[in-house]
There are 2 protein chains.
Amino acid sequence: MQKYKLTISYDGTHYGGWQVQKNALSIQHLVQTALTTLLKTPTLLTGSGRTDAGVHALAQVAHFTAEKELDPFRFAHALNALLPLDIRITKVEKVDSTFHARYDAISKTYYYHLRLDSATNPFTRLYSTHVPYPLDCDLLKKACEFFIGTHDFTSFTNKSHLGINCIRTIYRIDIVEEEGGIRLEFEGNGFLYKMVRNIVGTLLDVSKNKRPLSDIALLLTAKDRKLASEAAPPHGLFLAKVKYE
Amino acid sequence: MQKYKLTISYDGTHYGGWQVQKNALSIQHLVQTALTTLLKTPTLLTGSGRTDAGVHALAQVAHFTAEKELDPFRFAHALNALLPLDIRITKVEKVDSTFHARYDAISKTYYYHLRLDSATNPFTRLYSTHVPYPLDCDLLKKACEFFIGTHDFTSFTNKSHLGINCIRTIYRIDIVEEEGGIRLEFEGNGFLYKMVRNIVGTLLDVSKNKRPLSDIALLLTAKDRKLASEAAPPHGLFLAKVKYE
């Protein structure tokens with residue numbers, strides 16, 4: 001028995017998200033099916049976490065176990081031959097039998113792309129959110145700083161009713177200029193369901209003066225999702241990196 | 001009566017090309033329909049030239065005539081509201097009644113994007129051609145030089161049987177490095193049907209040592225499409241700029 005780590009890049013546009021689900025095609029399902037075909041035995045794939053419908057990944061990480069030894073380079077090639085072109089295995093690595101894609105992750109990085117041009121762009125429409133009004137970038141920077149650190153993010157997740165622990169640590173939120181707009185880079189020890197999109201929704205409302213900067217501290221202590229802004233759309237979001245020891 | 005110039009950006013993935021045709025949806029048809037709706041009279045749109053199915057445009061140019069005066073900024077906004085998100089009007093300008101989008105063009109620039117990474121990329125798959133073998137860039141550069149200047153491009157067009165004049169001038173072919181690959185920039189006084197894709201097909205064959213560099217001079221004098229290489233795929237090609245006096 002040998003455990004393997006996969007790094008997977010995907011365009012989430014045409015999928016119902018990472019996780020296997022009843023009513024939509026998922027990335028996990030397609031990769032699992034390809035693994036099952038190649039290994040000739042039902043094979044489970046465990047991801048580092050879910051991504052929602054329409055959310056993309058530059059480098060999602062997942063693991064599986066195989067009975068036989070595989071050549072990582074050839075196996076990546078064989079998997080890609082069975083997968084659609086919008087899902088690509090970028091790396092296959094042998095890992096220790098104790099490796100776990102979800103529990104061993106020490107940080108995750110998400111990118112959220114905002115286009116600030118006057119007209120929407122046909123080539124970035126599926127990979128960014130168009131902001132058709134002026135953004136106050138100083139205000140955006142100040143708003144980001146409120147989120148950095150360890151907080152209870154109950155107001156920024158859509159699944160707090162499950163009684164899960166909503167305390168997470170955000171290590172950094174960087175604003176990086178790119179062609180036609182900016183990219184927000186979020187790195188943290190973990191992110192709750194819809195947390196990045198909910199934070200971006202509030203950041204946008206503050207940066208367009210729709211709500212005051214002082215709201216953020218209140219939201220972080222209120223622990224009430226209904227008080228925060230609407231989630232930003234999924235297509236601007238990319239799971240960029242999952243870090244392990 | 002007032003003539004207007006439109007600049008149009010489009011993702012050609014889902015269309016049968018620029019030109020109105022029987023069996024596929026075209027960009028020209030959709031923009032013409034939007035114009036007809038807004039101007040309340042059947043309106044013809046004349047483009048600078050065709051682009052094939054799957055070919056993209058950063059800045060296609062077209063003209064139309066309207067009976068009434070239009071506010072360019074507002075009219076662009078109104079057109080975009082009627083068009084799908086993969087076709088965007090980026091500019092509307094008043095022009096002289098003698099302006100002609102096709103006959104007045106003094107140069108056109110096309111980009112052809114080549115990805116040279118080991119695996120295909122889900123995010124560039126529709127906007128570049130993946131070259132999964134090593135390219136000899138010195139050879140590519142030398143091969144490009146053969147095409148620059150005034151030549152009979154009969155060997156590089158699929159419609160020479162129509163007896164049209166196949167002499168064109170290519171002003172420059174630049175090789176520009178970009179993330180994950182290179183972009184070939186072709187600027188010329190005009191391009192024949194499939195000419196850029198046919199040239200790129202031959203450039204690729206030479207650069208991967210599938211045919212000798214010396215073939216290019218022979219092809220330019222042979223005037224026989226069958227002797228040149230297969231056309232490169234449409235999705236790597238972008239109409240980047242149409243220049244007027």
# chains A, B, ... in the order shown; residues from 1 in each chain; ligands from 1

$ interface_residues --of "chain A" --to "chain B" --cutoff "10 Å" --atoms "only C-alpha atoms" --output "PyMOL selection string"
chain A and resi 9-12+56-58+76-77+80+84-91+118-127

$ calpha_fit_and_write --fixed "chain A" --moving "chain B" --output "short mmCIF file (atom, residue, chain, number, x, y, z; two decimals) with C-alpha atoms, in the first residue's frame"
data_model
loop_
_atom_site.label_atom_id
_atom_site.label_comp_id
_atom_site.auth_asym_id
_atom_site.auth_seq_id
_atom_site.Cartn_x
_atom_site.Cartn_y
_atom_site.Cartn_z
CA MET B 1 0.02 0.01 0.03
CA GLN B 2 1.33 3.42 -0.91
CA LYS B 3 -0.20 6.85 -0.35
CA TYR B 4 -0.05 9.52 -3.05
CA LYS B 5 -0.59 13.28 -3.02
CA LEU B 6 -2.20 14.92 -6.05
CA THR B 7 -1.98 18.60 -6.95
CA ILE B 8 -4.94 19.59 -9.09
CA SER B 9 -5.71 22.72 -11.07
CA TYR B 10 -9.26 23.30 -12.27
CA ASP B 11 -11.57 25.77 -13.91
CA GLY B 12 -14.67 25.50 -11.71
CA THR B 13 -17.02 27.18 -14.22
CA HIS B 14 -18.77 24.03 -15.35
CA TYR B 15 -18.87 22.11 -12.06
CA GLY B 16 -21.03 21.97 -8.95
CA GLY B 17 -17.90 22.34 -6.82
CA TRP B 18 -15.15 20.08 -5.50
CA GLN B 19 -17.22 17.66 -3.46
CA VAL B 20 -19.21 14.68 -4.72
CA GLN B 21 -22.90 15.65 -4.65
CA LYS B 22 -26.21 14.33 -5.89
CA ASN B 23 -27.37 16.94 -8.36
CA ALA B 24 -24.22 18.22 -10.01
CA LEU B 25 -20.99 17.01 -11.54
CA SER B 26 -18.05 17.52 -9.19
CA ILE B 27 -14.29 17.61 -9.61
CA GLN B 28 -13.79 15.03 -6.84
CA HIS B 29 -16.14 12.63 -8.63
CA LEU B 30 -14.32 12.93 -11.95
CA VAL B 31 -10.85 12.45 -10.44
CA GLN B 32 -12.11 9.55 -8.30
CA THR B 33 -13.61 7.91 -11.39
CA ALA B 34 -10.32 8.28 -13.28
CA LEU B 35 -8.41 6.79 -10.31
CA THR B 36 -10.87 3.90 -10.08
CA THR B 37 -10.46 3.20 -13.80
CA LEU B 38 -6.68 3.24 -13.71
CA LEU B 39 -6.26 1.34 -10.43
CA LYS B 40 -9.03 -1.13 -11.30
CA THR B 41 -10.49 -0.83 -7.80
CA PRO B 42 -12.88 1.69 -6.17
CA THR B 43 -10.62 4.47 -4.90
CA LEU B 44 -11.50 7.30 -2.54
CA LEU B 45 -9.95 10.73 -2.96
CA THR B 46 -9.66 13.02 0.05
CA GLY B 47 -9.29 16.72 -0.69
CA SER B 48 -7.81 19.49 1.47
CA GLY B 49 -11.31 20.96 1.62
CA ARG B 50 -14.26 21.90 -0.57
CA THR B 51 -14.52 24.61 -3.15
CA ASP B 52 -17.98 25.86 -4.16
CA ALA B 53 -19.65 25.76 -7.54
CA GLY B 54 -17.85 28.15 -9.89
CA VAL B 55 -14.78 28.50 -7.65
CA HIS B 56 -11.43 27.66 -9.27
CA ALA B 57 -8.22 26.06 -8.05
CA LEU B 58 -4.64 26.69 -9.07
CA ALA B 59 -3.41 23.97 -6.72
CA GLN B 60 -5.99 21.96 -4.81
CA VAL B 61 -4.38 19.06 -2.91
CA ALA B 62 -5.84 15.59 -2.36
CA HIS B 63 -4.62 12.13 -1.37
CA PHE B 64 -5.45 8.52 -2.18
CA THR B 65 -4.01 5.11 -1.45
CA ALA B 66 -3.03 2.53 -4.08
CA GLU B 67 -2.13 -1.10 -3.65
CA LYS B 68 0.61 -1.01 -6.21
CA GLU B 69 3.60 1.22 -6.84
CA LEU B 70 2.97 3.96 -9.39
CA ASP B 71 5.39 6.02 -11.42
CA PRO B 72 4.30 9.59 -10.45
CA PHE B 73 5.08 11.23 -13.80
CA ARG B 74 3.42 8.54 -15.90
CA PHE B 75 0.43 8.28 -13.59
CA ALA B 76 -0.21 12.05 -13.85
CA HIS B 77 -0.15 11.69 -17.62
CA ALA B 78 -2.56 8.72 -17.51
CA LEU B 79 -4.99 10.57 -15.21
CA ASN B 80 -4.94 13.67 -17.44
CA ALA B 81 -5.77 11.51 -20.44
CA LEU B 82 -8.99 10.46 -18.66
CA LEU B 83 -9.94 13.92 -17.37
CA PRO B 84 -11.57 16.85 -19.17
CA LEU B 85 -9.22 19.69 -20.16
CA ASP B 86 -10.58 22.00 -17.45
CA ILE B 87 -9.27 19.65 -14.74
CA ARG B 88 -5.52 18.98 -14.78
CA ILE B 89 -3.32 16.95 -12.47
CA THR B 90 -0.18 19.07 -12.17
CA LYS B 91 1.73 16.79 -9.80
CA VAL B 92 1.68 13.29 -8.33
CA GLU B 93 3.94 12.61 -5.32
CA LYS B 94 4.54 9.61 -3.07
CA VAL B 95 3.83 10.53 0.54
CA ASP B 96 4.12 8.93 3.94
CA SER B 97 1.19 6.71 4.99
CA THR B 98 0.32 9.23 7.73
CA PHE B 99 -0.19 12.13 5.29
CA HIS B 100 -3.67 13.63 5.25
CA ALA B 101 -4.58 16.30 2.68
CA ARG B 102 -7.04 17.97 5.03
CA TYR B 103 -5.72 17.53 8.56
CA ASP B 104 -2.06 18.12 7.74
CA ALA B 105 -2.60 21.42 5.93
CA ILE B 106 -0.94 24.19 7.94
CA SER B 107 -2.16 27.05 5.78
CA LYS B 108 -4.33 27.77 2.78
CA THR B 109 -4.09 30.67 0.37
CA TYR B 110 -7.02 31.97 -1.64
CA TYR B 111 -6.92 34.66 -4.32
CA TYR B 112 -9.90 36.86 -5.08
CA HIS B 113 -9.59 38.76 -8.38
CA LEU B 114 -11.34 42.12 -8.83
CA ARG B 115 -11.43 43.85 -12.22
CA LEU B 116 -11.71 47.60 -11.96
CA ASP B 117 -11.95 48.55 -15.68
CA SER B 118 -14.95 50.52 -16.88
CA ALA B 119 -16.33 47.68 -19.06
CA THR B 120 -16.37 43.96 -18.30
CA ASN B 121 -13.72 41.94 -20.12
CA PRO B 122 -14.82 38.88 -22.14
CA PHE B 123 -11.62 37.03 -21.24
CA THR B 124 -11.68 37.53 -17.48
CA ARG B 125 -15.43 37.38 -16.95
CA LEU B 126 -15.30 33.82 -15.61
CA TYR B 127 -12.18 34.36 -13.50
CA SER B 128 -12.76 37.65 -11.71
CA THR B 129 -15.49 39.87 -10.36
CA HIS B 130 -16.07 43.12 -12.19
CA VAL B 131 -16.44 46.12 -9.89
CA PRO B 132 -18.15 48.82 -11.96
CA TYR B 133 -17.79 51.58 -9.35
CA PRO B 134 -14.79 53.40 -7.88
CA LEU B 135 -13.10 51.55 -5.01
CA ASP B 136 -11.38 53.48 -2.24
CA CYS B 137 -8.17 51.49 -2.03
CA ASP B 138 -6.98 53.16 1.18
CA LEU B 139 -10.26 52.21 2.81
CA LEU B 140 -9.95 48.68 1.40
CA LYS B 141 -6.50 48.36 2.94
CA LYS B 142 -7.73 49.53 6.34
CA ALA B 143 -10.74 47.20 6.11
CA CYS B 144 -8.46 44.20 5.37
CA GLU B 145 -6.43 44.89 8.51
CA PHE B 146 -9.46 44.29 10.74
CA PHE B 147 -9.70 40.70 9.50
CA ILE B 148 -6.04 39.78 9.99
CA GLY B 149 -5.37 37.77 13.15
CA THR B 150 -7.41 35.28 15.19
CA HIS B 151 -11.15 35.93 15.28
CA ASP B 152 -14.48 34.19 15.59
CA PHE B 153 -15.72 34.32 12.00
CA THR B 154 -19.32 33.26 12.73
CA SER B 155 -20.65 36.40 10.99
CA PHE B 156 -18.74 35.39 7.86
CA THR B 157 -19.80 31.79 7.35
CA ASN B 158 -23.06 30.30 6.11
CA LYS B 159 -22.85 27.17 8.22
CA SER B 160 -22.42 28.39 11.78
CA HIS B 161 -25.74 26.78 12.76
CA LEU B 162 -23.96 23.45 12.75
CA GLY B 163 -22.33 24.50 15.98
CA ILE B 164 -18.80 24.21 14.65
CA ASN B 165 -15.85 26.11 16.03
CA CYS B 166 -15.65 29.31 13.98
CA ILE B 167 -12.33 30.58 15.29
CA ARG B 168 -9.75 30.90 12.53
CA THR B 169 -6.52 32.82 12.04
CA ILE B 170 -5.85 34.91 8.94
CA TYR B 171 -2.09 35.42 8.58
CA ARG B 172 -2.20 37.98 5.79
CA ILE B 173 -4.48 39.74 3.33
CA ASP B 174 -2.36 41.31 0.59
CA ILE B 175 -3.64 43.61 -2.10
CA VAL B 176 -1.68 42.93 -5.28
CA GLU B 177 -2.09 45.07 -8.40
CA GLU B 178 -2.56 43.13 -11.62
CA GLU B 179 -3.63 43.97 -15.17
CA GLY B 180 -6.99 45.71 -15.09
CA GLY B 181 -7.51 45.42 -11.35
CA ILE B 182 -6.33 43.91 -8.10
CA ARG B 183 -6.02 40.53 -6.45
CA LEU B 184 -6.70 39.99 -2.76
CA GLU B 185 -4.51 37.24 -1.32
CA PHE B 186 -5.85 35.59 1.85
CA GLU B 187 -3.60 33.23 3.79
CA GLY B 188 -4.89 31.56 6.93
CA ASN B 189 -4.82 28.38 8.97
CA GLY B 190 -8.23 27.44 7.58
CA PHE B 191 -11.36 28.97 6.11
CA LEU B 192 -15.00 28.27 6.92
CA TYR B 193 -17.72 27.64 4.35
CA LYS B 194 -18.09 30.76 2.16
CA MET B 195 -15.79 32.72 4.51
CA VAL B 196 -13.56 34.33 1.86
CA ARG B 197 -16.52 35.33 -0.33
CA ASN B 198 -18.38 36.73 2.67
CA ILE B 199 -15.35 38.74 3.77
CA VAL B 200 -14.85 40.07 0.21
CA GLY B 201 -18.54 41.09 0.08
CA THR B 202 -18.10 43.16 3.25
CA LEU B 203 -14.74 44.58 2.07
CA LEU B 204 -16.43 45.77 -1.15
CA ASP B 205 -19.33 47.40 0.70
CA VAL B 206 -16.90 49.27 2.96
CA SER B 207 -14.64 50.28 0.04
CA LYS B 208 -17.54 51.77 -1.88
CA ASN B 209 -18.76 53.60 1.24
CA LYS B 210 -21.93 51.57 1.46
CA ARG B 211 -21.17 50.76 5.10
CA PRO B 212 -18.70 52.30 7.57
CA LEU B 213 -15.28 50.86 8.34
CA SER B 214 -16.29 50.61 11.99
CA ASP B 215 -18.84 47.91 11.05
CA ILE B 216 -16.13 45.30 10.67
CA ALA B 217 -15.14 45.19 14.34
CA LEU B 218 -18.84 45.04 15.23
CA LEU B 219 -19.45 42.18 12.79
CA LEU B 220 -16.52 40.17 14.17
CA THR B 221 -18.02 40.34 17.66
CA ALA B 222 -21.70 40.08 16.66
CA LYS B 223 -21.44 36.43 15.47
CA ASP B 224 -24.44 36.84 13.19
CA ARG B 225 -24.20 36.08 9.48
CA LYS B 226 -27.28 38.18 8.72
CA LEU B 227 -25.47 41.38 9.69
CA ALA B 228 -22.57 41.01 7.24
CA SER B 229 -22.76 41.85 3.54
CA GLU B 230 -23.76 39.52 0.71
CA ALA B 231 -21.14 37.02 -0.45
CA ALA B 232 -19.01 38.09 -3.41
CA PRO B 233 -19.59 35.89 -6.52
CA PRO B 234 -17.77 32.53 -6.73
CA HIS B 235 -16.02 33.04 -10.07
CA GLY B 236 -13.51 35.58 -8.68
CA LEU B 237 -12.20 33.03 -6.17
CA PHE B 238 -9.22 30.70 -6.59
CA LEU B 239 -7.80 28.18 -4.12
CA ALA B 240 -4.17 29.12 -4.81
CA LYS B 241 -2.08 27.06 -2.40
CA VAL B 242 -2.31 24.49 0.38
CA LYS B 243 0.80 24.39 2.56
CA TYR B 244 2.08 21.38 4.52
CA GLU B 245 4.99 20.97 6.97
#

$ select_by_dssp --residues "stretch 77-239 of chain B" --states "helix (DSSP H, G or I)" --output "VMD selection string"
chain B and resid 77 to 82 137 to 147 154 to 156 160 to 162 195 to 207 215 to 222 225 to 227 234 to 236

$ select_by_dssp --residues "stretch 54-175 of chain A" --states "strand (DSSP E or B)" --output "number ranges by chain"
A: 56-66, 87-95, 105-115, 129-130, 149-152, 167-175
